[in-house]
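Comments concern the structure below.
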Protein chains: 8
Amino acid sequence: MDQARLRQLLEGVRAGRCSVEQAMRQLKSLAIHDLSFARLDGHRAVRKGFPEVVYCEGKTPAQVAAIVRKLVRHHDHVLATRAAPEVYRAVRRVAPRARYHAEARAITVERKPVPKRPGVVAVLCAGTTDIPVAEEAAVTAEIMGNQVRRYYDVGVAGLHRLLAVNEELFDANVLVVVAGMEGALPSVVGGLVDKPVIAVPTSVGYGASFGGLAALLAMLNTCASGVTVVNINNGFGAGYAASLINALAASGASR
Amino acid sequence: MDQARLRQLLEGVRAGRCSVEQAMRQLKSLAIHDLSFARLDGHRAVRKGFPEVVYCEGKTPAQVAAIVRKLVRHHDHVLATRAAPEVYRAVRRVAPRARYHAEARAITVERKPVPKRPGVVAVLCAGTTDIPVAEEAAVTAEIMGNQVRRYYDVGVAGLHRLLAVNEELFDANVLVVVAGMEGALPSVVGGLVDKPVIAVPTSVGYGASFGGLAALLAMLNTCASGVTVVNINNGFGAGYAASLINALAASGASR
Amino acid sequence: MDQARLRQLLEGVRAGRCSVEQAMRQLKSLAIHDLSFARLDGHRAVRKGFPEVVYCEGKTPAQVAAIVRKLVRHHDHVLATRAAPEVYRAVRRVAPRARYHAEARAITVERKPVPKRPGVVAVLCAGTTDIPVAEEAAVTAEIMGNQVRRYYDVGVAGLHRLLAVNEELFDANVLVVVAGMEGALPSVVGGLVDKPVIAVPTSVGYGASFGGLAALLAMLNTCASGVTVVNINNGFGAGYAASLINALAASGASR
Amino acid sequence: MDQARLRQLLEGVRAGRCSVEQAMRQLKSLAIHDLSFARLDGHRAVRKGFPEVVYCEGKTPAQVAAIVRKLVRHHDHVLATRAAPEVYRAVRRVAPRARYHAEARAITVERKPVPKRPGVVAVLCAGTTDIPVAEEAAVTAEIMGNQVRRYYDVGVAGLHRLLAVNEELFDANVLVVVAGMEGALPSVVGGLVDKPVIAVPTSVGYGASFGGLAALLAMLNTCASGVTVVNINNGFGAGYAASLINALAASGASR
Amino acid sequence: MDQARLRQLLEGVRAGRCSVEQAMRQLKSLAIHDLSFARLDGHRAVRKGFPEVVYCEGKTPAQVAAIVRKLVRHHDHVLATRAAPEVYRAVRRVAPRARYHAEARAITVERKPVPKRPGVVAVLCAGTTDIPVAEEAAVTAEIMGNQVRRYYDVGVAGLHRLLAVNEELFDANVLVVVAGMEGALPSVVGGLVDKPVIAVPTSVGYGASFGGLAALLAMLNTCASGVTVVNINNGFGAGYAASLINALAASGASR
Amino acid sequence: MDQARLRQLLEGVRAGRCSVEQAMRQLKSLAIHDLSFARLDGHRAVRKGFPEVVYCEGKTPAQVAAIVRKLVRHHDHVLATRAAPEVYRAVRRVAPRARYHAEARAITVERKPVPKRPGVVAVLCAGTTDIPVAEEAAVTAEIMGNQVRRYYDVGVAGLHRLLAVNEELFDANVLVVVAGMEGALPSVVGGLVDKPVIAVPTSVGYGASFGGLAALLAMLNTCASGVTVVNINNGFGAGYAASLINALAASGASR
Amino acid sequence: MDQARLRQLLEGVRAGRCSVEQAMRQLKSLAIHDLSFARLDGHRAVRKGFPEVVYCEGKTPAQVAAIVRKLVRHHDHVLATRAAPEVYRAVRRVAPRARYHAEARAITVERKPVPKRPGVVAVLCAGTTDIPVAEEAAVTAEIMGNQVRRYYDVGVAGLHRLLAVNEELFDANVLVVVAGMEGALPSVVGGLVDKPVIAVPTSVGYGASFGGLAALLAMLNTCASGVTVVNINNGFGAGYAASLINALAASGASR
Amino acid sequence: MDQARLRQLLEGVRAGRCSVEQAMRQLKSLAIHDLSFARLDGHRAVRKGFPEVVYCEGKTPAQVAAIVRKLVRHHDHVLATRAAPEVYRAVRRVAPRARYHAEARAITVERKPVPKRPGVVAVLCAGTTDIPVAEEAAVTAEIMGNQVRRYYDVGVAGLHRLLAVNEELFDANVLVVVAGMEGALPSVVGGLVDKPVIAVPTSVGYGASFGGLAALLAMLNTCASGVTVVNINNGFGAGYAASLINALAASGASR
């Protein structure tokens with residue numbers, strides 16, 4: 001039940017068009033909907049800023065296409081992650097404006113251009129093989145209305161690459177730092193900046209990397225303050241959280 | 001080399017009191033200090049908002065007291081974490097204003113009252129045994145200049161307790177959610193709010209909790225968006241990151 | 001040796017048609033069969049309610065078909081789990097009434113309709129990708145004579161979906177709760193109801209889900225009382241245990 | 001928000017004493033309370049059948065005593081688990097009827113005798129060192145109103161001990177089977193009976209037992225049907241779930 | 001149920017003293033007793049060769065003393081493992097001939113000298129800190145009637161120590177090889193001899209030894225043929241299995 | 001250097017055909033060969049009883065065929081394990097008497113019939129999916145000269161199947177017990193017999209079986225005495241060790 | 001910021017062309033560039049000795065070819081590791097002198113012959129299946145200017161093979177020791193020689209080898225002194241470190 | 001068997017004092033001694049450069065004192081690691097020159113001053129709590145004749161501290177880099193220098209550090225070339241390997 005309909009009901013009560021008993025029955029039956037509506041309302045508010053998200057892993061191209069078709073009817077912006085090229089081909093048929101971000105393996109649909117809020121989300125990654133996860137974070141943050149700056153291949157074994165962009169990093173409101181193997185980059189970045197850092201371990205590596213476990217543990221044990229961590233390869237999650245944080249910075253003015 | 005001294009040097013050059021060669025020699029010899037000063041400068045900017053932090057684990061009471069004595073000379077606010085009561089007794093002798101937060105096992109010294117920024121940091125925990133970690137997060141956020149609201153013992157097995165404070169949660173800029181055992185609370189909270197959630201697994205539990213591993217894995221695998229994770233029992237890290245995020249919200253106005 | 005034949009033998013002894021020596025020889029030669037029969041007898045009693053079960057993993061379509069052919073001779077109801085479509089095609093040739101439950105990857109044969117006992121088994125799952133495991137539980141419970149109600153896609157990140165069916169859940173005698181990723185749903189459900197909850201972790205997830213380990217550990221560490229756990233993806237085991245429990249409820253009248 | 005207050009609100013709207021806006025705000029904020037209130041009611045119904053439970057681990061004797069003092073005012077039966085002898089001494093001062101179950105490390109208070117429902121809960125354990133966990137399960141089931149039969153030291157390495165009680169096991173409605181080391185007993189018992197079996201791994205063992213992990217994994221991988229598992233050493237959880245199941249059997253008559 | 005009782009039952013049926021129903025119930029329930037009783041007989045035969053074993057871990061000195069007192073009444077030889085000195089002091093009061101093997105932390109009682117079978121059990125260990133586990137194996141094998149030769153501190157990092165005893169090793173029927181840290185000794189020994197090797201990992205080590213896991217995994221992955229493994233620190237288990245094997249060699253003559 | 005050549009050298013010294021210096025140089029340079037020869041000699045003695053073994057995993061059919069071609073020139077019996085059917089086809093071309101054991105995935109070549117020693121090796125397995133590993137053990141033991149008796153599908157969930165063969169098990173000198181899932185069978189068998197039991201965990205299972213880890217841990221933690229363990233799926237290793245033990249029993253007569 | 005630019009800046013300040021504020025901003029931001037530039041210089045010096053390395057895993061043949069094309073323009077020697085045959089075919093088209101080391105799966109390009117420094121790097125491996133990793137180490141060391149001696153298939157289960165080359169091992173400056181399964185070879189070699197040993201665990205094995213974890217843990221827990229370890233299958237890393245060490249030996253003369 | 005005795009034997013054969021058979025038996029039995037003697041010689045050569053090492057963990061003060069008393073008779077330098085203060089007090093009584101390195105928990109005895117070879121071993125550590133492990137490495141390298149430079153508390157979260165000593169690091173022949181928590185320091189150092197780096201993980205940390213596992217995995221997965229790893233907290237092993245490498249550099253002149 002959206003707010004308009006709730007208001008209508010109450011005005012009906014006030015005007016005598018609807019008895020108290022009828023209103024009570026409706027409210028009771030909708031009790032959950034009231035909750036879910038509160039939730040949906042929150043959702044809608046959220047949705048103003050960024051689109052619903054489709055996780056494609058384990059869904060057929062046809063299933064994803066069907067979901068996207070429904071979403072584009074109601075939403076200006078749609079994001080689908082972990083999408084293989086054949087999924088994109090299916091989606092393009094139902095949403096011709098769909099765009100495929102090959103490295104991120106993500107699909108975005110923008111029926112209107114996404115308005116960008118002030119403030120920068122920086123996305124860093126350690127090696128070139130970490131780029132797909134970094135791109136998933138970047139594309140997610142972009143479709144959610146953020147300006148993203150990318151700093152790729154700045155791993156700690158060649159520290160000069162990172163130090164070369166040191167100053168620019170201070171300009172970002174929040175930094176997503178992606179690394180596989182020993183996962184050391186977020187610690188170094190977290191020691192340089194005074195903004196929240198979201199660390200993303202990747203499964204890049206072999207042997208005792210154990211599918212990204214080594215990087216994950218390293219990031220959880222960081223000696224730098226202000227670093228939080230998401231699941232292995234979870235670029236989307238990092239981009240999403242970064243957007244929430246950057247939105248806070250943008251909205252701060254009104255408090 | 002602080003900014004005042006650097007400015008003095010450059011003004012000396014400008015005024016001809018100091019030759020270019022002399023300046024170069026000083027700058028070169030201070031090259032590292034320049035860097036470290038840049039670092040210190042960043043530090044100082046940071047410190048305006050919150051104090052240096054002493055991690056007491058593995059330090060003797062005398063060692064902690066010595067560090068605190070040095071810190072209180074230069075800083076208005078000092079935080080020491082993982083401090084046993086005997087550490088506090090040693091600290092109190094060198095810093096009579098020191099206050100012991102028994103549940104958080106933290107010591108704070110406020111030579112001046114900490115000015116509070118607008119915006120609320122909410123700290124939730126699932127069970128009463130999680131409170132020490134939650135308090136470490138709360139005390140950290142408070143000494144760093146944040147208003148903290150505590151919602152304790154609101155674990156998912158008695159959902160009504162969480163739902164009872166549902167609306168208040170929407171008022172927070174950032175939420176620290178602490179839970180041991182199955183670590184489900186951050187997922188539920190992350191599904192309710194549209195603000196960044198920092199999840200803190202605790203070692204509360206036994207058997208297959210494996211010292212907090214179960215809660216940690218649960219939080220990393222959350223199905224809710226906007227949730228990031230810190231190390232097991234790392235209340236300090238969560239409070240620190242929450243403060244960085246809340247500071248962004250407060251400073252947003254000036255962008 | 002079934003009970004009828006044992007009774008016949010003993011009546012023969014009583015009637016003098018069979019000497020004690022002959023009876024002893026028969027009983028001795030059947031000693032193991034006596035044991036196995038005791039076992040089989042228990043089995044048969046059990047079987048009145050539900051059929052033998054074929055685990056198809058690692059068996060060829062021909063092997064499964066041969067087993068099913070033998071089973072349908074003696075049993076009214078047959079269940080085969082983890083069956084690929086090609087297994088079903090082979091089974092259909094020997095058991096034309098066989099029915100394929102594609103999502104559950106299960107085959108059932110009902111020579112007579114399964115009589116349903118009173119009482120409801122509720123099967124819930126957190127996300128759409130958990131449905132195959134949930135369906136395996138549901139199909140198992142159904143072929144064993146239970147009425148099953150399904151509540152799918154009610155994961156904790158959108159709590160209103162679960163709360164919307166809250167009251168119905170109270171009607172079930174036993175609840176099977178299926179979830180991957182952080183595995184939080186059984187804790188929430190276990191906190192809402194006062195009936196036994198059987199938690200099924202699934203391998204849905206990636207990275208630090210470690211093939212379902214995260215969900216498994218979460219469920220084992222649940223803070224809700226009355227929750228027990230089965231192996232990862234073991235929908236069959238959960239459905240089977242739920243049926244045993246629901247049968248107790250139904251049979252309670254006669255005690 | 002109970003129904004009376006809802007009616008009052010709507011009548012206020014109708015009568016014009018309350019604006020639509022005010023009503024909307026109240027409905028929005030109270031939506032949750034409606035739910036939590038339903039939940040609270042459910043809680044009460046639950047409490048009629050069995051007492052509240054205090055988990056003593058990590059609480060001081062004084063804290064436990066304070067909780068128990070409050071509980072005995074409202075409840076006829078109280079259970080406290082993981083209670084050291086000194087906890088009992090503190091409890092006895094506030095609840096003179098308190099009784100200490102030394103092996104189970106549990107405290108029970110019965111202001112009235114617990115009425116026993118029909119049907120038996122069987123509690124088995126493999127070795128003598130598993131007895132404390134088995135006793136926690138047994139004491140839990142007893143205080144919740146069940147008749148318990150104990151079969152201890154019947155581990156699989158001396159199969160004759162188990163087979164000697166084989167028949168009696170068939171009489172139980174539900175069986176709690178406790179084992180450490182290789183955790184094989186639930187598989188053997190689960191193969192003998194046709195009732196739900198709740199398996200409890202214990203931390204009994206050394207080396208590659210890894211604190212009970214070996215037994216836990218064995219039980220999760222049981223080849224017997226109808227077996228579900230709880231956390232390592234969680235005798236309370238098993239006794240609680242067994243009681244819920246046995247209660248279903250007893251209540252079955254009324255359906 | 002022995003044959004006499006079976007005959008009696010059937011004759012009772014024939015004579016009408018026992019109804020068919022009664023006979024069926026008895027046959028059903030006793031089917032297993034026949035087997036378990038056979039089993040007990042086997043047990044007794046086994047006990048003739050070697051003494052009962054008391055595992056002292058988790059038992060009080062008084063409990064162990066009580067068990068030993070009972071055992072020495074019926075058995076010539078008694079072994080108790082994992083016994084602290086205070087346990088020995090308690091045992092000595094009830095069994096004055098008890099002898100304490102301090103390094104093995106084992107107690108033996110020999111009411112008669114143990115007769116030694118031909119054939120040698122060799123016990124090797126890698127370092128001096130592995131000696132307690134090796135001694136547990138050696139003492140176990142000795143009390144079970146075997147001649148034991150000890151080769152201690154012959155680890156692979158000083159290969160000449162092992163090669164110096166190379167030839168003697170060929171004389172043993174079975175070799176128990178104890179090692180912590182990297183657990184390499186069984187592989188080297190298994191490559192030298194053509195007799196069964198029982199490998200015992202110990203928890204000697206630190207860091208990535210993970211309490212003996214490293215040694216255990218190494219031994220399970222041995223490239224030498226003829227090596228089998230027991231649990232970490234399980235000297236008793238290795239000595240016991242070695243004795244069974246050596247007994248086979250001794251008894252071979254009679255086949 | 002074989003013994004003939006060593007004798008020749010010494011006789012050359014004695015006869016003055018070879019100086020002491022020359023002999024020393026030869027002996028020194030051959031020092032290793034002396035050792036290796038001792039080793040080779042032991043090898044040869046060993047080989048009289050059983051053939052060399054080829055592990056095919058990771059070798060091409062052509063490579064295996066080349067090795068077998070060389071082996072059959074010098075040995076009467078050859079064993080190749082983990083051999084795919086195409087490997088067998090390649091081997092058959094160079095060794096027409098080669099025989100493929102499809103379930104064991106093993107190839108044997110017998111240029112002469114293998115003479116069988118007295119005494120029986122029993123091979124048991126829990127479920128039908130464990131048969132390939134059990135067959136690898138059985139085929140290994142057979143080609144090494146042992147009589148093997150197979151008891152398959154006797155898992156603990158249907159105990160009567162095992163008890164039915166209970167007495168026969170006593171006849172075996174050594175028992176190889178193969179099981180996946182919860183790996184309980186060796187504990188039960190080890191409790192029934194008084195002969196060495198070699199436990200083989202298999203990777204049969206799913207979810208928390210973790211590729212056989214659950215069964216492996218269970219077997220290492222067995223409460224039955226006389227049980228030792230080999231690596232997951234290592235049927236060959238178990239058959240080999242069983243043969244060494246059975247050979248001891250056979251050779252015992254001569255001591 | 002090189003010295004010329006620093007002087008320019010300061011002269012600008014002196015001349016008034018640049019304000020103190022501007023200078024401060026530049027000095028602040030460039031402080032790090034001074035350092036990173038020093039770093040680049042160090043890089044160049046390093047590159048003089050040995051070529052850049054391309055890790056091919058996860059790169060397309062075209063990508064690798066493009067990188068190699070660029071490298072051969074500036075460098076005399078190029079190494080690419082983990083290269084499939086199709087990668088080599090692509091590289092050969094852009095670098096006709098490229099050579100494929102099939103077992104090492106490595107590509108080398110030598111525009112000039114690599115000059116060899118004095119001193120030997122020994123590369124040993126335990127079994128034939130470890131050879132690919134050993135070859136990666138050997139090829140890496142060779143292209144970096146070292147003489148390599150290979151000792152393959154010298155695993156500990158046939159100790160005579162290792163002892164046969166015992167003396168030659170003493171000639172090496174540094175030894176790379178590669179082993180899978182139980183990973184015992186580095187301990188034995190480390191006990192024989194007095195030179196640094198670099199241990200390389202491989203993923204050769206099955207079951208409880210857990211993809212090389214068993215060998216890795218064994219090597220980390222070695223009882224031999226002077227042994228250090230690299231990641232599983234990291235032949236390149238071992239060859240690289242061995243080359244750095246051997247270069248030290250060669251360069252020692254000049255100190 | 002030394003060369004003199006071998007010659008004697010052969011001369012006995014030549015002179016007819018010893019039969020060929022007798023010689024063969026002796027040669028066969030002594031084959032190993034020939035080898036072990038070669039080994040012993042190697043040992044002696046090794047010992048010239050540095051002293052024997054006593055690992056005190058698990059030894060009583062009296063035992064360590066006894067070992068040291070024996071060692072100081074034959075050796076100029078003695079090292080004992082993991083020594084508690086009470087061990088030192090016992091050692092001092094038998095070796096008055098013994099010196100206790102409290103932070104390293106090591107004891108050294110220098111009967112003569114240790115001659116220092118040219119070349120520097122650098123020892124770095126990340127945090128102050130890592131110092132004990134770093135000191136163990138430093139003390140080990142010093143007693144083995146190396147000049148050590150210490151760089152402590154230079155962890156990556158404050159990069160300027162490391163960069164401040166950047167240039168000095170280039171002077172070292174080999175670097176020991178000690179770090180706990182996320183273990184990132186060796187990667188950063190390995191990227192800066194072109195010398196061998198030995199990484200030492202420490203158990204400093206909590207929660208998901210899992211006793212140093214996080215740091216260990218990070219170091220094994222380092223993206224920097226030239227880094228090898230030792231066991232958690234194994235400062236001694238790192239110092240020992242560093243000394244072997246530095247000795248190579250020093251000895252290089254003579255090749």
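Simple scheme: letters A, B, ... for chains in structure tokens order, numbers from 1 for residues in each chain, numbers from 1 for ligands in the order shown.
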* To do: Over all C-alpha atoms, paired in order, superpose chain E onto chain A by least squares and report how large the RMSD is in Å.
  =>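 The optimal C-alpha superposition leaves an RMSD of 3.2 Å.
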* Excluding same-chain residues fewer than 6 positions from stretch 178-181 of chain D, what lies within 10 Å of it counting only C-alpha atoms, as a ChimeraX atom specification? -> /D:123-135,137,152-156,198-216,218-219,232-235,238 /F:217-223
* **DSSP helix (DSSP H, G or I) residues within stretch 88-183 of chain B, as number ranges by chain** => B: 88-94, 128-143, 156-163, 166-169
* **Separation of atom CA of H:Leu175 from atom CA of H:Val120 in Å** =>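 Distance reported for this atom pair: 8.7 Å.
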* Asked: So how far away is atom CA of F:Cys56 from atom CA of G:Asn231, in Å?
  -> 26.4 Å
* So which one's closest to chain C, A:Leu244, A:Val53, A:Val230, A:Val87? Using only C-alpha atoms, please. -> A:Val230
Go through chain F and flag each residue having an atom no more than 6 Å from chain H; for those, report the closest pair of atoms plus their distance in Å to one decimal, using only C-alpha atoms, ordered by chain and rising number, as a tab-separated table.
residue	atom	partner	partner_atom	distance
F:Leu10	CA	H:Val20	CA	5.9
F:Val13	CA	H:Arg14	CA	5.4
F:Arg14	CA	H:Arg14	CA	4.1
F:Val20	CA	H:Leu10	CA	6.0
* **Contact residues around A:Ser243 with only C-alpha atoms at 7 Å, ignoring same-chain residues under 6 positions, as an NGL selection string** => :A and (141 or 144 or 146)
* Tell me, in Å to one decimal, how far atom CA of B:Ile107 is from atom CA of B:Ile245. =>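 Between these atoms lies a distance of 23.2 Å.
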* Once DSSP has gone over the backbone, tell me which residues of stretch 57-228 of chain A are in strand (DSSP E), as number ranges by chain. => A: 77-81, 99-101, 106-110, 120-125, 147-151, 174-179, 197-201, 227-228
